[in-house]
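Some notes on the structure that comes next.
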Amino acid sequence: ETPGIMQTCAGTVLLNQFRFRWYPLALARRRHDDGDEIHVLDPKTFEWRRPRNDADWDAHPYPYARADGGAFIHRSHDGGRTFTETVPIDLGEYQAAFSPRGAIELSGELHSGELLLAFGSHDHDPSGAACVVRSSDDGRSWTKPAEVARDPSRLFYESGAVECADG
């Protein structure tokens, strides 16, 4: 889901990806009953959301339901032909955060070579928040997220980062 891609100055290609977990409906219901956060589609609004009652399950039009699976960075050392490393990103409370845009490599004096990756809210994320993570080792590890915006009345959907001319 929603991959972003970039190449670092060191030549590493980084593909960031948010994953959903898809479950057959019967398994999704069992997992939901066991406390997992499962989402079904509301056929009237076309929004994925947590089921509130049996009617939500009955109205769900698909034989599967989804859960958030997390964010990952896949690393390639051959120009993107193969990706031999996968690094999970700990998004903390921003479990539904994602970005279809790649990381950026900062060039400013204070952060030269540091990578910055922005994440925004997903359609079922009630926090309405955006955050960023950083890497100073060519994408091998990432910091805990730092919140950059929050407004529960908005979605910071498909966020991205850019470096201004002054760094």
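Please note that chains go A, B, ... in the order of the structure tokens, that every chain numbers its residues from 1, and that ligands are numbered from 1 in the order shown.
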12 Å contact set for segment 86-90 of chain A, only C-alpha atoms, chain neighbours under 3 positions out, as an NGL selection string: :A and (13-19 or 69-76 or 82-83 or 93-98 or 117-119 or 131-135 or 138-146)
I want to know what sits within 9 Å of Tyr62 of chain A, based on only C-alpha atoms, with residues of the same chain fewer than 5 positions away left out; could you give that as an mmCIF file with all heavy atoms, in the first residue's frame?
```
data_model
loop_
_atom_site.group_PDB
_atom_site.id
_atom_site.type_symbol
_atom_site.label_atom_id
_atom_site.label_comp_id
_atom_site.auth_asym_id
_atom_site.auth_seq_id
_atom_site.Cartn_x
_atom_site.Cartn_y
_atom_site.Cartn_z
ATOM 1 N N LEU A 25 -13.154 -13.023 6.593
ATOM 2 C CA LEU A 25 -14.118 -12.383 7.480
ATOM 3 C C LEU A 25 -14.328 -13.128 8.796
ATOM 4 O O LEU A 25 -14.378 -12.506 9.855
ATOM 5 C CB LEU A 25 -15.448 -12.197 6.747
ATOM 6 C CG LEU A 25 -16.335 -11.067 7.239
ATOM 7 C CD1 LEU A 25 -15.588 -9.756 7.359
ATOM 8 C CD2 LEU A 25 -17.536 -10.915 6.342
ATOM 9 N N VAL A 40 -13.805 -2.644 8.924
ATOM 10 C CA VAL A 40 -14.729 -3.076 7.875
ATOM 11 C C VAL A 40 -15.127 -1.842 7.074
ATOM 12 O O VAL A 40 -14.979 -0.713 7.528
ATOM 13 C CB VAL A 40 -15.974 -3.778 8.456
ATOM 14 C CG1 VAL A 40 -15.588 -5.078 9.153
ATOM 15 C CG2 VAL A 40 -16.754 -2.870 9.388
ATOM 16 N N LEU A 41 -15.634 -2.075 5.874
ATOM 17 C CA LEU A 41 -16.043 -0.975 5.010
ATOM 18 C C LEU A 41 -17.513 -0.640 5.238
ATOM 19 O O LEU A 41 -18.364 -1.524 5.248
ATOM 20 C CB LEU A 41 -15.833 -1.354 3.541
ATOM 21 C CG LEU A 41 -16.088 -0.228 2.552
ATOM 22 C CD1 LEU A 41 -14.958 0.790 2.618
ATOM 23 C CD2 LEU A 41 -16.203 -0.785 1.146
#
```
Picked from chain A by DSSP as helix (DSSP H, G or I), as an MDAnalysis selection string: chainID A and resid 25:33 54:59
Contact check, segment 59-126 of chain A to segment 31-34 of chain A, at most 12 Å, counting only C-alpha atoms, closest pairs as JSON lines:
```
{"residue": "A:Ala65", "atom": "CA", "partner": "A:His32", "partner_atom": "CA", "distance": 10.1}
{"residue": "A:Arg66", "atom": "CA", "partner": "A:His32", "partner_atom": "CA", "distance": 10.5}
{"residue": "A:Ala67", "atom": "CA", "partner": "A:His32", "partner_atom": "CA", "distance": 9.7}
```
Pairwise distance for atom CA of Leu116 of chain A and atom CA of Cys9 of chain A, rounded to one decimal in Å: 13.6 Å
Determine, counting only C-alpha atoms, which protein, DNA and RNA residues have an atom within 12 Å of an atom of Gly79 of chain A; residues of the same chain fewer than 6 positions away are not included. Present the result as a PDB file with N, CA and C atoms, in the first residue's frame.
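Saved as part-v9.pdb:
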```
ATOM      1  N   ILE A   5       9.492   6.030  -2.838  1.00  0.00           N
ATOM      2  CA  ILE A   5      10.834   5.550  -3.183  1.00  0.00           C
ATOM      3  C   ILE A   5      11.788   6.726  -3.328  1.00  0.00           C
ATOM      4  N   MET A   6      13.046   6.517  -2.972  1.00  0.00           N
ATOM      5  CA  MET A   6      14.088   7.521  -3.150  1.00  0.00           C
ATOM      6  C   MET A   6      15.439   6.830  -3.178  1.00  0.00           C
ATOM      7  N   GLN A   7      16.467   7.538  -3.678  1.00  0.00           N
ATOM      8  CA  GLN A   7      17.825   7.018  -3.667  1.00  0.00           C
ATOM      9  C   GLN A   7      18.698   7.981  -2.879  1.00  0.00           C
ATOM     10  N   THR A   8      19.458   7.441  -1.935  1.00  0.00           N
ATOM     11  CA  THR A   8      20.323   8.279  -1.118  1.00  0.00           C
ATOM     12  C   THR A   8      21.596   8.628  -1.888  1.00  0.00           C
ATOM     13  N   ALA A  10      24.445   7.902  -1.062  1.00  0.00           N
ATOM     14  CA  ALA A  10      25.321   6.730  -0.989  1.00  0.00           C
ATOM     15  C   ALA A  10      24.929   5.672  -2.018  1.00  0.00           C
ATOM     16  N   GLY A  11      23.806   5.878  -2.738  1.00  0.00           N
ATOM     17  CA  GLY A  11      23.375   4.942  -3.769  1.00  0.00           C
ATOM     18  C   GLY A  11      22.333   3.940  -3.328  1.00  0.00           C
ATOM     19  N   THR A  12      21.967   3.932  -2.056  1.00  0.00           N
ATOM     20  CA  THR A  12      20.962   2.999  -1.560  1.00  0.00           C
ATOM     21  C   THR A  12      19.572   3.453  -2.014  1.00  0.00           C
ATOM     22  N   VAL A  13      18.785   2.530  -2.551  1.00  0.00           N
ATOM     23  CA  VAL A  13      17.396   2.826  -2.894  1.00  0.00           C
ATOM     24  C   VAL A  13      16.539   2.408  -1.701  1.00  0.00           C
ATOM     25  N   LEU A  14      15.703   3.340  -1.247  1.00  0.00           N
ATOM     26  CA  LEU A  14      14.811   3.078  -0.120  1.00  0.00           C
ATOM     27  C   LEU A  14      13.371   3.131  -0.597  1.00  0.00           C
ATOM     28  N   LEU A  15      12.627   2.085  -0.295  1.00  0.00           N
ATOM     29  CA  LEU A  15      11.205   2.036  -0.600  1.00  0.00           C
ATOM     30  C   LEU A  15      10.469   1.958   0.727  1.00  0.00           C
TER      31      LEU A  15
END
```
Backbone-only DSSP, strand (DSSP E or B) members of chain A, as a PyMOL selection string: chain A and resi 4-7+13-24+39-42+47-49+64-76+85-89+98+104-105+115-120+129-135+146-150
Spatial neighbours of Phe46 of chain A, max dist 12 Å, only C-alpha atoms, sep filter under 3 positions, as JSON, numbers by chain: {"A": [39, 40, 41, 42, 43, 49, 59, 60, 61, 123, 124]}
Interatomic distance, atom CA of Arg50 of chain A to atom CA of Pro100 of chain A (Å, one decimal): 23.5 Å
Best match for closeness to Gly92 of chain A among A:Glu158, A:Glu105, A:Glu147, A:Glu1, counting only C-alpha atoms: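 Result for the nearest residue to Gly92 of chain A: A:Glu147.
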Top pick for closest residue to Ala103 of chain A, considering A:Ala55, A:Leu155, A:Val162, A:Ala130 and counting only C-alpha atoms: A:Val162
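If only C-alpha atoms are the atoms counted, then among A:Gly102, A:Gly113, A:Asp36, A:Glu163 the closest residue to Asp68 of chain A is A:Asp36.
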Å distance separating atom CA of Gly128 of chain A from atom CA of Ala165 of chain A, one decimal place: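 These atoms are spaced 28.4 Å apart.
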